[in-house]
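The structure appears right after this line, and notes come after that.
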Amino acid sequence: MKVLIVGSGAREHALAWRLGQSPSITGMWVANGNGGTGRIATNLDISPEDVDGVVGAAQSLQIDLVVVGPEVPLSLGLVNRLDALGIPSFGPTRAAAQIESSKAFALEVMQAAGVPCPDFNVFHEQGAALDFLSLHRDPVVIKADGLAAGKGVYLCRTPEEATAAVRACMDQRVFGDAGNTVVIQEYLSGPEVSIFAFCDGEHLSTLAAACDYKRLKDGNEGPNTGGMGSFAPPGFWTAGMEERLRITVMEPVIREMSERGTPYRGILYAGLMLTEAGPKVLEFNCRLGDPEAQVVLPLLAGDPLEIMLACHEGRLSKVPVRWRADNYVGVVMASGGYPAAYETGFEIVGLDDADEEAQNTMIFHAGTRSSIQDRPGRVTTSGGRVLTVVGRGDSLAEARDRAYHRVRRIDFRGAYYRTDIAAMESIEGELAANPAKASG
Ligand code: AMP
Ligand code: GLY
């Protein structure tokens with residue numbers, strides 16, 4: 001079977017790596033991929049957001065399954081276009097992807113399905129939003145309704161901050177049309193966890209759980225980023241918790257989406273906050289998380305291609321999805337200066353510098369380029385987040401030691417990484433329910 005993966009990050013490299021282990025794979029392409037995917041698949045010079053380009057490539061290459069990594073092509077209707085041509089894909093349709101592309105839609109689905117979420121109000125007009133704020137002086141969270149690359153969330157401690165956030169969305173239009181509608185939510189606190197399920201429209205798999213780190217610096221300081229590290233599973237994750245969240249969060253949403261005539265296929269991702277009043281859903285995403293995918297895909301047992309095809313064909317109940325008992329820690333290596341301005345084009349050394357410990361590590365590329373012309377095998381930096389280095393262990397501590405051991409053997413000019421990913425203090429810090437986190 002020939003597979004086309006859409007996306008260019010470390011999540012997509014992890015998808016290519018895991019799908020490449022399927023015995024049925026005969027060819028693998030990535031649009032547009034990176035220096036890492038180019039080593040195990042064929043990169044296509046097509047942007048993940050170029051729906052026409054991706055559909056054209058899937059047709060001409062006679063692809064058997066298109067696997068979509070990021071949310072933007074899903075919200076642009078890539079899966080609808082592929083469905084119309086009879087090309088199988090893994091990911092939700094445009095209507096089902098609204099679970100991520102409209103926060104107001106997601107909250108309405110949660111309310112209808114009885115899924116625990118923060119109290120919220122939706123506003124289509126600035127005047128009404130400001131009137132509401134003048135009557136509610138408590139801390140609130142203000143969110144642009146649409147896709148804003150993770151930047152559309154304001155945690156507002158004071159009424160002045162809240163007013164400014166509403167104006168930024170609706171008056172200054174800093175997120176364009178994505179801020180035409182805003183959601184004002186109750187400000188919750190507690191540790192966060194991401195949960196993931198494979199879905200076929202009617203059924204869903206058992207869940208996997210992971211935690212990510214959004215802030216740039218150790219101790220959850222500094223600006224927000226696309227994610228600086230991740231680990232799976234969290235120490236508090238038990239079979240009982242899995243079952244409870246499957247029954248109270250994921251199944252009701254799958255049922256509701258099916259009843260609305262927009263069945264959900266692909267990965268359903270819920271971002272939860274574990275509050276004193278129990279788990280509440282902050283957001284749904286219509287895809288795997290990044291950098292969570294880099295620690296969740298290694299946990300997946302069985303044939304990923306078979307599972308994804310079963311999701312497409314509505315027969316997931318016949319294909320058991322199992323998660324390994326291992327632990328994985330992922331450390332992101334970034335370009336110095338990220339998430340602000342940074343330079344690229346620096347050679348990355350140590351990628352193949354493997355000792356016996358390396359057997360328990362993996363390197364997933366994001367902002368890298370592999371140049372064939374000047375020196376085969378030479379890899380240079382080309383983006384903000386450059387690599388996710390993943391370690392496996394029988395315990396989280398062992399996985400963490402191995403990941404950092406490998407990180408220290410890799411270098412490029414200005415390389416930056418957090419040193420506290422999955423460290424006991426950082427996990428306990430999360431569990432201390434410090435809500436002083438910004439959007440992500
Ligand atoms: P979202 O994109 O909706 O998940 O929000 C991004 C981040 O903002 C979350 O990971 C939380 O850290 C924070 N956040 C979102 N909603 C809330 C809320 N209602 N209360 C407190 N923090 C929140
Ligand atoms: N790790 C958060 C996200 O992928 O949205």
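Here, A, B, ... name the chains of the structure tokens in the order displayed, residue numbers run from 1 inside each chain, and ligands are numbered from 1 in the same displayed order.
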
Output as JSON lines one row per residue of chain A within 9 Å of ligand 1: the closest atom pair and its distance in Å to one decimal place, counting only C-alpha atoms and all ligand atoms, sorted by chain and residue number ascending.
```
{"residue": "A:Lys103", "atom": "CA", "partner": "ligand 1", "partner_atom_place_in_ligand_line": "3 (O)", "distance": 7.7}
{"residue": "A:Cys117", "atom": "CA", "partner": "ligand 1", "partner_atom_place_in_ligand_line": "19 (N)", "distance": 8.1}
{"residue": "A:Pro118", "atom": "CA", "partner": "ligand 1", "partner_atom_place_in_ligand_line": "19 (N)", "distance": 5.6}
{"residue": "A:Asp119", "atom": "CA", "partner": "ligand 1", "partner_atom_place_in_ligand_line": "19 (N)", "distance": 8.0}
{"residue": "A:Phe120", "atom": "CA", "partner": "ligand 1", "partner_atom_place_in_ligand_line": "19 (N)", "distance": 8.4}
{"residue": "A:Val140", "atom": "CA", "partner": "ligand 1", "partner_atom_place_in_ligand_line": "19 (N)", "distance": 7.3}
{"residue": "A:Val141", "atom": "CA", "partner": "ligand 1", "partner_atom_place_in_ligand_line": "19 (N)", "distance": 5.5}
{"residue": "A:Ile142", "atom": "CA", "partner": "ligand 1", "partner_atom_place_in_ligand_line": "16 (N)", "distance": 8.1}
{"residue": "A:Lys143", "atom": "CA", "partner": "ligand 1", "partner_atom_place_in_ligand_line": "3 (O)", "distance": 7.1}
{"residue": "A:Ala149", "atom": "CA", "partner": "ligand 1", "partner_atom_place_in_ligand_line": "2 (O)", "distance": 9.0}
{"residue": "A:Gly150", "atom": "CA", "partner": "ligand 1", "partner_atom_place_in_ligand_line": "2 (O)", "distance": 5.7}
{"residue": "A:Lys151", "atom": "CA", "partner": "ligand 1", "partner_atom_place_in_ligand_line": "2 (O)", "distance": 7.7}
{"residue": "A:Gly152", "atom": "CA", "partner": "ligand 1", "partner_atom_place_in_ligand_line": "2 (O)", "distance": 7.3}
{"residue": "A:Val153", "atom": "CA", "partner": "ligand 1", "partner_atom_place_in_ligand_line": "5 (O)", "distance": 5.7}
{"residue": "A:Tyr154", "atom": "CA", "partner": "ligand 1", "partner_atom_place_in_ligand_line": "8 (O)", "distance": 7.4}
{"residue": "A:Leu155", "atom": "CA", "partner": "ligand 1", "partner_atom_place_in_ligand_line": "22 (N)", "distance": 6.5}
{"residue": "A:Ile184", "atom": "CA", "partner": "ligand 1", "partner_atom_place_in_ligand_line": "19 (N)", "distance": 8.4}
{"residue": "A:Gln185", "atom": "CA", "partner": "ligand 1", "partner_atom_place_in_ligand_line": "19 (N)", "distance": 5.2}
{"residue": "A:Glu186", "atom": "CA", "partner": "ligand 1", "partner_atom_place_in_ligand_line": "19 (N)", "distance": 5.2}
{"residue": "A:Tyr187", "atom": "CA", "partner": "ligand 1", "partner_atom_place_in_ligand_line": "20 (N)", "distance": 3.8}
{"residue": "A:Leu188", "atom": "CA", "partner": "ligand 1", "partner_atom_place_in_ligand_line": "20 (N)", "distance": 3.7}
{"residue": "A:Ser189", "atom": "CA", "partner": "ligand 1", "partner_atom_place_in_ligand_line": "21 (C)", "distance": 5.4}
{"residue": "A:Gly190", "atom": "CA", "partner": "ligand 1", "partner_atom_place_in_ligand_line": "21 (C)", "distance": 8.1}
{"residue": "A:Pro191", "atom": "CA", "partner": "ligand 1", "partner_atom_place_in_ligand_line": "12 (O)", "distance": 8.6}
{"residue": "A:Glu192", "atom": "CA", "partner": "ligand 1", "partner_atom_place_in_ligand_line": "10 (O)", "distance": 6.9}
{"residue": "A:Val193", "atom": "CA", "partner": "ligand 1", "partner_atom_place_in_ligand_line": "10 (O)", "distance": 8.7}
{"residue": "A:Lys214", "atom": "CA", "partner": "ligand 1", "partner_atom_place_in_ligand_line": "10 (O)", "distance": 8.0}
{"residue": "A:Ala270", "atom": "CA", "partner": "ligand 1", "partner_atom_place_in_ligand_line": "4 (O)", "distance": 8.7}
{"residue": "A:Gly271", "atom": "CA", "partner": "ligand 1", "partner_atom_place_in_ligand_line": "4 (O)", "distance": 5.9}
{"residue": "A:Leu272", "atom": "CA", "partner": "ligand 1", "partner_atom_place_in_ligand_line": "4 (O)", "distance": 8.0}
{"residue": "A:Met273", "atom": "CA", "partner": "ligand 1", "partner_atom_place_in_ligand_line": "11 (C)", "distance": 7.6}
{"residue": "A:Lys280", "atom": "CA", "partner": "ligand 1", "partner_atom_place_in_ligand_line": "19 (N)", "distance": 8.9}
{"residue": "A:Val281", "atom": "CA", "partner": "ligand 1", "partner_atom_place_in_ligand_line": "4 (O)", "distance": 8.4}
{"residue": "A:Leu282", "atom": "CA", "partner": "ligand 1", "partner_atom_place_in_ligand_line": "16 (N)", "distance": 5.0}
{"residue": "A:Glu283", "atom": "CA", "partner": "ligand 1", "partner_atom_place_in_ligand_line": "3 (O)", "distance": 4.7}
{"residue": "A:Phe284", "atom": "CA", "partner": "ligand 1", "partner_atom_place_in_ligand_line": "4 (O)", "distance": 7.6}
{"residue": "A:Asn285", "atom": "CA", "partner": "ligand 1", "partner_atom_place_in_ligand_line": "4 (O)", "distance": 8.7}
{"residue": "A:Pro435", "atom": "CA", "partner": "ligand 1", "partner_atom_place_in_ligand_line": "21 (C)", "distance": 6.7}
{"residue": "A:Ala436", "atom": "CA", "partner": "ligand 1", "partner_atom_place_in_ligand_line": "12 (O)", "distance": 8.4}
{"residue": "A:Lys437", "atom": "CA", "partner": "ligand 1", "partner_atom_place_in_ligand_line": "12 (O)", "distance": 5.5}
{"residue": "A:Ala438", "atom": "CA", "partner": "ligand 1", "partner_atom_place_in_ligand_line": "8 (O)", "distance": 5.8}
{"residue": "A:Ser439", "atom": "CA", "partner": "ligand 1", "partner_atom_place_in_ligand_line": "8 (O)", "distance": 3.9}
{"residue": "A:Gly440", "atom": "CA", "partner": "ligand 1", "partner_atom_place_in_ligand_line": "6 (C)", "distance": 4.2}
```

Using only C-alpha atoms, which residues sit within 9 Å of Pro234 in chain A once same-chain residues fewer than 6 positions away are excluded, as a ChimeraX atom specification?
/A:193,209-211,327,396,427

Let me have all residues with an atom within 12 Å of ligand 2, counting only C-alpha atoms and all ligand atoms, laid out as a PyMOL selection string.
chain A and resi 9-12+69-72+100-101+147-151+192-196+209-215+224-231+267-272+282-296+330+332+439-440

Which of range 234-436 of chain A fall in strand (DSSP E), as a ChimeraX atom specification:
/A:265-275,278-285,327-334,361-365,368-371,378-381,385-393

Could you go through range 244-282 of chain A and tell me which residues DSSP, when run on the backbone, assigns to alpha helix (DSSP H), listing them as a PDB file with C-alpha atoms, in the first residue's frame?
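The resulting file, selection37.pdb, is shown below:
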```
ATOM      1  CA  ARG A 244     -13.866   7.065  33.101  1.00  0.00           C
ATOM      2  CA  LEU A 245     -12.673   9.606  30.539  1.00  0.00           C
ATOM      3  CA  GLU A 251     -17.900   8.442  23.743  1.00  0.00           C
ATOM      4  CA  PRO A 252     -20.554  11.150  24.249  1.00  0.00           C
ATOM      5  CA  VAL A 253     -18.786  13.412  21.741  1.00  0.00           C
ATOM      6  CA  ILE A 254     -18.490  10.640  19.131  1.00  0.00           C
ATOM      7  CA  ARG A 255     -22.197   9.869  19.615  1.00  0.00           C
ATOM      8  CA  GLU A 256     -23.192  13.533  19.363  1.00  0.00           C
ATOM      9  CA  MET A 257     -21.132  14.068  16.192  1.00  0.00           C
ATOM     10  CA  SER A 258     -22.680  10.983  14.602  1.00  0.00           C
ATOM     11  CA  GLU A 259     -26.226  12.101  15.536  1.00  0.00           C
TER      12      GLU A 259
END
```

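For Leu19 in chain A, the set of protein, DNA and RNA residues having any atom at most 8 Å away, when counting only C-alpha atoms and skipping those fewer than 3 positions along the same chain, is A:Leu15, A:Ala16, A:Ser22, A:Ile25, A:Asp303, A:Pro304, A:Leu305.
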
Within 6 Å of Pro48 in chain A, counting only C-alpha atoms, which residues show up once you throw out same-chain ones fewer than 6 positions away? Write them as a list in words, please.
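Answer for this query is Val6, Gly7 and Ala31 of chain A.
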
Give me a file of those residues, with N, CA, C and O atoms, as a short mmCIF file (atom, residue, chain, number, x, y, z; two decimals), in the first residue's frame.
```cif
data_model
loop_
_atom_site.label_atom_id
_atom_site.label_comp_id
_atom_site.auth_asym_id
_atom_site.auth_seq_id
_atom_site.Cartn_x
_atom_site.Cartn_y
_atom_site.Cartn_z
N VAL A 6 0.67 14.06 5.21
CA VAL A 6 0.60 15.51 4.99
C VAL A 6 1.10 16.23 6.25
O VAL A 6 0.57 16.01 7.35
N GLY A 7 2.14 17.06 6.08
CA GLY A 7 2.68 17.81 7.21
C GLY A 7 4.20 17.86 7.13
O GLY A 7 4.81 17.18 6.29
N ALA A 31 4.20 15.31 2.22
CA ALA A 31 4.04 16.66 1.67
C ALA A 31 4.01 17.65 2.84
O ALA A 31 3.07 17.60 3.60
#
```

Gap from CA of Asn32 in chain A to CA of Val331 in chain A - Å, one decimal:
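Between CA of Asn32 in chain A and CA of Val331 in chain A the gap is 23.2 Å.
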
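Within 8 Å of range 413-420 of chain A, once only C-alpha atoms are used and residues closer than 2 positions along the same chain are dropped, the contacting residues are Leu216, Lys217, Asp218, Gly219, Met228, Gly229, Val331, Val332, Met333, Ala334, Ser335, Gly336, Phe346, Glu347, Asp411, Ala422, Ala423, Glu425 and Ser426 of chain A.
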
For Ala168 in chain A, which of A:Ser75, A:Ser134, A:Gln126, A:Thr262 is the closest residue, counting only C-alpha atoms?
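Selected residue with least distance to Ala168 in chain A: A:Gln126.
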